[in-house]
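Participant: Next comes query_16.cif, mmCIF, C-alpha atoms (C1' of nucleotides):
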```
data_work
#
loop_
_atom_site.label_atom_id
_atom_site.label_comp_id
_atom_site.auth_asym_id
_atom_site.auth_seq_id
_atom_site.Cartn_x
_atom_site.Cartn_y
_atom_site.Cartn_z
CA MET Y 1 -19.42 -25.69 11.04
CA PRO Y 2 -16.03 -27.06 12.13
CA LYS Y 3 -13.74 -24.64 13.85
CA GLN Y 4 -11.50 -22.75 11.46
CA TYR Y 5 -8.18 -21.07 12.07
CA TRP Y 6 -6.84 -17.67 11.07
CA LEU Y 7 -3.84 -15.41 11.37
CA MET Y 8 -4.47 -11.71 11.85
CA LYS Y 9 -1.78 -9.02 11.70
CA SER Y 10 -1.71 -5.99 13.93
CA GLU Y 11 0.93 -3.35 14.34
CA PRO Y 12 1.80 -3.48 18.06
CA ASP Y 13 2.44 0.27 18.09
CA ASP Y 14 -1.24 0.53 17.26
CA ILE Y 15 -2.79 -2.44 19.08
CA SER Y 16 -0.60 -5.13 20.65
CA PHE Y 17 -1.66 -8.49 22.06
CA ASP Y 18 -0.97 -7.11 25.54
CA ASP Y 19 -3.24 -4.16 24.79
CA VAL Y 20 -6.07 -6.57 24.00
CA LEU Y 21 -5.36 -8.65 27.12
CA ALA Y 22 -5.59 -5.47 29.17
CA SER Y 23 -8.79 -4.22 27.61
CA LYS Y 24 -12.34 -4.82 28.79
CA GLY Y 25 -13.29 -8.45 28.31
CA GLN Y 26 -9.87 -8.99 26.70
CA THR Y 27 -11.74 -8.17 23.50
CA THR Y 28 -11.03 -5.73 20.69
CA SER Y 29 -12.95 -4.66 17.64
CA TRP Y 30 -10.89 -5.48 14.57
CA TYR Y 31 -11.18 -2.57 12.16
CA GLY Y 32 -9.26 -1.00 9.33
CA VAL Y 33 -8.93 -3.98 6.98
CA ARG Y 34 -8.95 -2.41 3.51
CA ASN Y 35 -8.03 -5.28 1.26
CA TYR Y 36 -10.77 -7.25 -0.45
CA GLN Y 37 -9.23 -10.67 -0.02
CA ALA Y 38 -8.69 -10.07 3.69
CA ARG Y 39 -12.18 -8.62 3.99
CA ASN Y 40 -13.69 -11.68 2.34
CA PHE Y 41 -11.99 -13.97 4.84
CA ILE Y 42 -13.57 -11.99 7.69
CA ARG Y 43 -16.96 -11.49 6.08
CA ASP Y 44 -17.45 -14.90 4.50
CA GLY Y 45 -15.25 -17.23 6.49
CA MET Y 46 -15.15 -16.33 10.16
CA HIS Y 47 -17.45 -17.70 12.83
CA VAL Y 48 -17.71 -17.40 16.61
CA GLY Y 49 -15.23 -19.79 18.19
CA ASP Y 50 -12.69 -19.77 15.36
CA GLY Y 51 -9.06 -19.68 16.47
CA VAL Y 52 -6.78 -16.72 15.73
CA LEU Y 53 -3.02 -16.36 15.77
CA PHE Y 54 -2.36 -12.75 16.78
CA TYR Y 55 0.62 -11.58 14.72
CA HIS Y 56 2.72 -8.47 15.31
CA SER Y 57 3.86 -6.84 12.07
CA SER Y 58 5.86 -3.75 11.12
CA CYS Y 59 7.82 -3.81 14.35
CA ALA Y 60 11.29 -4.62 15.62
CA VAL Y 61 10.63 -8.35 16.09
CA PRO Y 62 7.69 -9.51 14.02
CA GLY Y 63 6.01 -12.73 15.16
CA ILE Y 64 3.06 -14.49 16.75
CA ALA Y 65 2.29 -12.82 20.06
CA GLY Y 66 -0.58 -14.95 21.31
CA ILE Y 67 -3.72 -16.92 20.70
CA ALA Y 68 -7.08 -15.28 20.27
CA GLU Y 69 -10.61 -16.22 19.34
CA ILE Y 70 -13.42 -14.85 17.20
CA VAL Y 71 -16.24 -13.76 19.53
CA SER Y 72 -18.73 -12.06 17.23
CA ALA Y 73 -20.29 -12.35 13.84
CA PRO Y 74 -18.82 -10.05 11.17
CA TYR Y 75 -20.30 -6.55 11.01
CA PRO Y 76 -19.71 -3.35 9.03
CA ASP Y 77 -16.51 -1.62 10.13
CA ALA Y 78 -17.71 1.70 11.54
CA THR Y 79 -14.52 3.57 10.65
CA GLN Y 80 -15.40 3.44 6.94
CA PHE Y 81 -18.25 5.92 7.55
CA ASP Y 82 -16.21 8.31 9.68
CA PRO Y 83 -14.73 11.21 7.68
CA LYS Y 84 -12.26 11.86 10.50
CA SER Y 85 -10.90 8.33 10.49
CA PRO Y 86 -7.81 7.42 8.49
CA TYR Y 87 -9.85 4.39 7.42
CA HIS Y 88 -12.67 6.50 6.01
CA ASP Y 89 -13.99 5.30 2.64
CA PRO Y 90 -16.06 7.94 0.85
CA LYS Y 91 -17.61 5.27 -1.37
CA ALA Y 92 -19.02 3.31 1.56
CA THR Y 93 -22.49 4.01 2.96
CA PRO Y 94 -24.39 2.38 5.82
CA GLU Y 95 -26.81 1.09 3.17
CA GLN Y 96 -23.94 -0.33 1.14
CA PRO Y 97 -21.03 -0.96 3.46
CA ARG Y 98 -17.81 -2.08 1.87
CA TRP Y 99 -15.57 -3.08 4.80
CA THR Y 100 -16.05 -5.57 7.58
CA GLY Y 101 -14.97 -5.76 11.22
CA ILE Y 102 -15.25 -8.49 13.84
CA ASP Y 103 -14.61 -8.90 17.58
CA VAL Y 104 -11.48 -10.74 18.67
CA LYS Y 105 -10.73 -11.92 22.21
CA ALA Y 106 -7.21 -12.61 23.49
CA VAL Y 107 -7.20 -16.00 25.19
CA HIS Y 108 -3.63 -17.14 25.76
CA LYS Y 109 -0.21 -15.61 25.86
CA GLY Y 110 2.68 -18.04 25.90
CA ARG Y 111 6.08 -17.88 24.30
CA TYR Y 112 6.57 -15.26 21.59
CA LEU Y 113 7.24 -16.96 18.24
CA ASP Y 114 9.30 -14.63 16.12
CA LEU Y 115 9.34 -14.80 12.37
CA LYS Y 116 12.83 -16.26 12.27
CA GLU Y 117 11.73 -19.19 14.38
CA LEU Y 118 8.60 -19.74 12.29
CA ARG Y 119 10.77 -19.98 9.19
CA SER Y 120 13.04 -22.51 10.90
CA HIS Y 121 10.34 -25.19 11.28
CA PRO Y 122 9.90 -27.48 8.27
CA GLU Y 123 6.37 -28.20 9.53
CA LEU Y 124 5.48 -24.60 8.75
CA GLU Y 125 7.26 -24.12 5.45
CA HIS Y 126 3.98 -23.95 3.52
CA MET Y 127 2.33 -21.39 5.79
CA ARG Y 128 0.72 -18.65 3.78
CA LEU Y 129 2.32 -16.11 6.08
CA LEU Y 130 5.76 -17.29 5.00
CA ALA Y 131 5.08 -17.37 1.26
CA LYS Y 132 7.16 -14.97 -0.79
CA GLY Y 133 5.38 -11.69 -1.35
CA SER Y 134 2.56 -12.54 1.04
CA ARG Y 135 1.12 -9.32 2.41
CA LEU Y 136 -2.38 -10.26 3.47
CA SER Y 137 -3.29 -9.00 6.93
CA VAL Y 138 -5.88 -11.73 7.44
CA MET Y 139 -5.35 -15.26 6.20
CA PRO Y 140 -6.39 -18.86 6.91
CA VAL Y 141 -4.16 -21.23 8.86
CA GLU Y 142 -4.18 -24.99 8.24
CA PRO Y 143 -5.35 -27.11 11.21
CA ALA Y 144 -2.03 -29.00 11.27
CA GLU Y 145 -0.14 -25.68 11.34
CA TRP Y 146 -2.41 -24.44 14.09
CA ARG Y 147 -1.83 -27.51 16.26
CA PHE Y 148 1.92 -27.30 15.75
CA ILE Y 149 2.05 -23.61 16.61
CA VAL Y 150 -0.19 -23.94 19.66
CA LYS Y 151 2.22 -26.59 20.97
CA LEU Y 152 5.18 -24.29 20.37
CA ILE Y 153 3.53 -21.42 22.19
CA GLY Y 154 2.83 -23.63 25.19
"C1'" DG H 1 15.13 4.38 4.58
"C1'" DC H 2 15.20 0.78 1.01
"C1'" DC H 3 12.92 -2.08 -1.96
"C1'" DA H 4 10.33 -6.29 -3.62
"C1'" DA H 5 5.85 -7.69 -4.21
"C1'" DC H 6 1.30 -6.89 -4.69
"C1'" DG H 7 -3.15 -4.15 -5.16
"C1'" DT H 8 -5.73 -0.30 -7.11
"C1'" DT H 9 -6.74 3.36 -10.26
"C1'" DG H 10 -7.72 5.41 -14.45
"C1'" DG H 11 -6.72 6.65 -19.32
"C1'" DC H 12 -7.27 4.62 -23.55
"C1'" DG J 1 -9.91 -5.24 -21.00
"C1'" DC J 2 -5.06 -3.71 -20.99
"C1'" DC J 3 -1.41 -1.82 -18.61
"C1'" DA J 4 1.41 2.03 -16.75
"C1'" DA J 5 1.62 4.68 -12.80
"C1'" DC J 6 1.04 5.01 -8.29
"C1'" DG J 7 0.23 3.52 -3.42
"C1'" DT J 8 0.81 0.18 0.34
"C1'" DT J 9 2.79 -3.56 2.99
"C1'" DG J 10 6.22 -5.19 5.72
"C1'" DG J 11 10.78 -7.37 6.42
"C1'" DC J 12 15.29 -5.94 6.69
#
```
Could you render the structure from this file as structure tokens?
Facilitator:
Amino acid sequence: MPKQYWLMKSEPDDISFDDVLASKGQTTSWYGVRNYQARNFIRDGMHVGDGVLFYHSSCAVPGIAGIAEIVSAPYPDATQFDPKSPYHDPKATPEQPRWTGIDVKAVHKGRYLDLKELRSHPELEHMRLLAKGSRLSVMPVEPAEWRFIVKLIG
DNA sequence: GCCAACGTTGGC
DNA sequence: GCCAACGTTGGC
């Protein structure tokens, strides 16, 4: 399985890249994805060792905050079973889970690439993130885009 | 807070 | 299966 690349959005007011860097093992459990397309990318596409662009959304300066890595297999997102969680799904059961989580480790923080800069590079004009109306919180990144962005981050 | 774009729900 | 109504995302 060749290494694949992903972009994952987090609201920094909730969990920022720095928060993950500061946490135990620099690793966080990615939970709360409640969109089927995004879920399918996690459940069916992600493997240990895949690269992740950690994106900050719904904040003052949206952009790519750092590089991360998938460090677990996908597993049922525990918050779906928790009635007290905002991510609770009454239709999900442990026997028939509906939503998927995965462990993500922060590996490198370089220069912050804000959205305006991302849009300024012709090399990135076809990024799914930048497509009109794109709202997915988890999406694939092309290897060429990944290499270009990693170079920019430094 | 606004609003465009997209996803989901539910009546029929 | 259609589609209107509603909810959410996320940049600005």
Participant: Applied to the shown file, which residues does the PyMOL selection byres ((chain Y) within 8 of (chain H)) return, written as a VMD selection string?
Facilitator: chain Y and resid 133 to 135
Participant: Figure out the distance between atom CA of Y:Leu7 and atom CA of Y:Pro97, please, to one decimal in Å.
Facilitator: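 Distance reported for this atom pair: 23.8 Å.
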Participant: List the spatial neighbours of Y:Asp89 as a list in words - criterion: any atom at most 9 Å away, only C-alpha atoms (C1' of nucleotides), same-chain residues fewer than 4 positions off excluded.
Facilitator: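 Answer for this query is Thr79, Gln80, Phe81, Asp82, Pro83, Ser85, Thr93, Arg98 and Trp99 of chain Y.
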Participant: Could you state which residues are captured by the PyMOL selection byres ((chain Y and resi 47-60) around 6) in this file, as a list in words?
Facilitator: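 Applying the PyMOL selection byres ((chain Y and resi 47-60) around 6) to the structure shown produces Lys3, Gln4, Tyr5, Trp6, Leu7, Met8, Lys9, Ser10, Glu11, Pro12, Met46, Val61, Pro62, Gly63, Ile64, Ala65, Gly66, Ile67, Ala68, Glu69, Ile70, Val71 and Ser72 of chain Y; DG10 of chain J.
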Participant: Please, what distance in Å, to one decimal, runs between atom CA of Y:Pro74 and atom CA of Y:Ile102?
Facilitator: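 Answer for the atom CA of Y:Pro74 to atom CA of Y:Ile102 separation: 4.7 Å.
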Participant: Compile the contact shell of Y:Leu118 as JSON, numbers by chain: residues with an atom at most 9 Å away, counting only C-alpha atoms (C1' of nucleotides), same-chain residues fewer than 3 positions apart removed.
Facilitator: {"Y": [63, 64, 113, 114, 115, 121, 122, 124, 125, 130, 149]}
Participant: Could you state the separation of atom CA of Y:Gly45 and atom CA of Y:Glu142 in Å, given to one decimal place?
Facilitator: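 Atom-to-atom, atom CA of Y:Gly45 and atom CA of Y:Glu142 are spaced 13.6 Å apart.
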Participant: Expand the PyMOL selection byres ((chain Y and resi 31-42) around 7) into the explicit residue set it covers here, and present it as a PDB file with C-alpha atoms, in the frame of the given file.
Facilitator:
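Written output follows (selection_25.pdb):
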```pdb
ATOM      1  CA  SER Y  29     -12.950  -4.660  17.640  1.00  0.00           C
ATOM      2  CA  TRP Y  30     -10.890  -5.480  14.570  1.00  0.00           C
ATOM      3  CA  ARG Y  43     -16.960 -11.490   6.080  1.00  0.00           C
ATOM      4  CA  ASP Y  44     -17.450 -14.900   4.500  1.00  0.00           C
ATOM      5  CA  GLY Y  45     -15.250 -17.230   6.490  1.00  0.00           C
ATOM      6  CA  MET Y  46     -15.150 -16.330  10.160  1.00  0.00           C
ATOM      7  CA  PRO Y  74     -18.820 -10.050  11.170  1.00  0.00           C
ATOM      8  CA  ASP Y  77     -16.510  -1.620  10.130  1.00  0.00           C
ATOM      9  CA  TYR Y  87      -9.850   4.390   7.420  1.00  0.00           C
ATOM     10  CA  TRP Y  99     -15.570  -3.080   4.800  1.00  0.00           C
ATOM     11  CA  THR Y 100     -16.050  -5.570   7.580  1.00  0.00           C
ATOM     12  CA  GLY Y 101     -14.970  -5.760  11.220  1.00  0.00           C
ATOM     13  CA  LEU Y 136      -2.380 -10.260   3.470  1.00  0.00           C
ATOM     14  CA  SER Y 137      -3.290  -9.000   6.930  1.00  0.00           C
ATOM     15  CA  VAL Y 138      -5.880 -11.730   7.440  1.00  0.00           C
ATOM     16  CA  MET Y 139      -5.350 -15.260   6.200  1.00  0.00           C
TER      17      MET Y 139
END
```
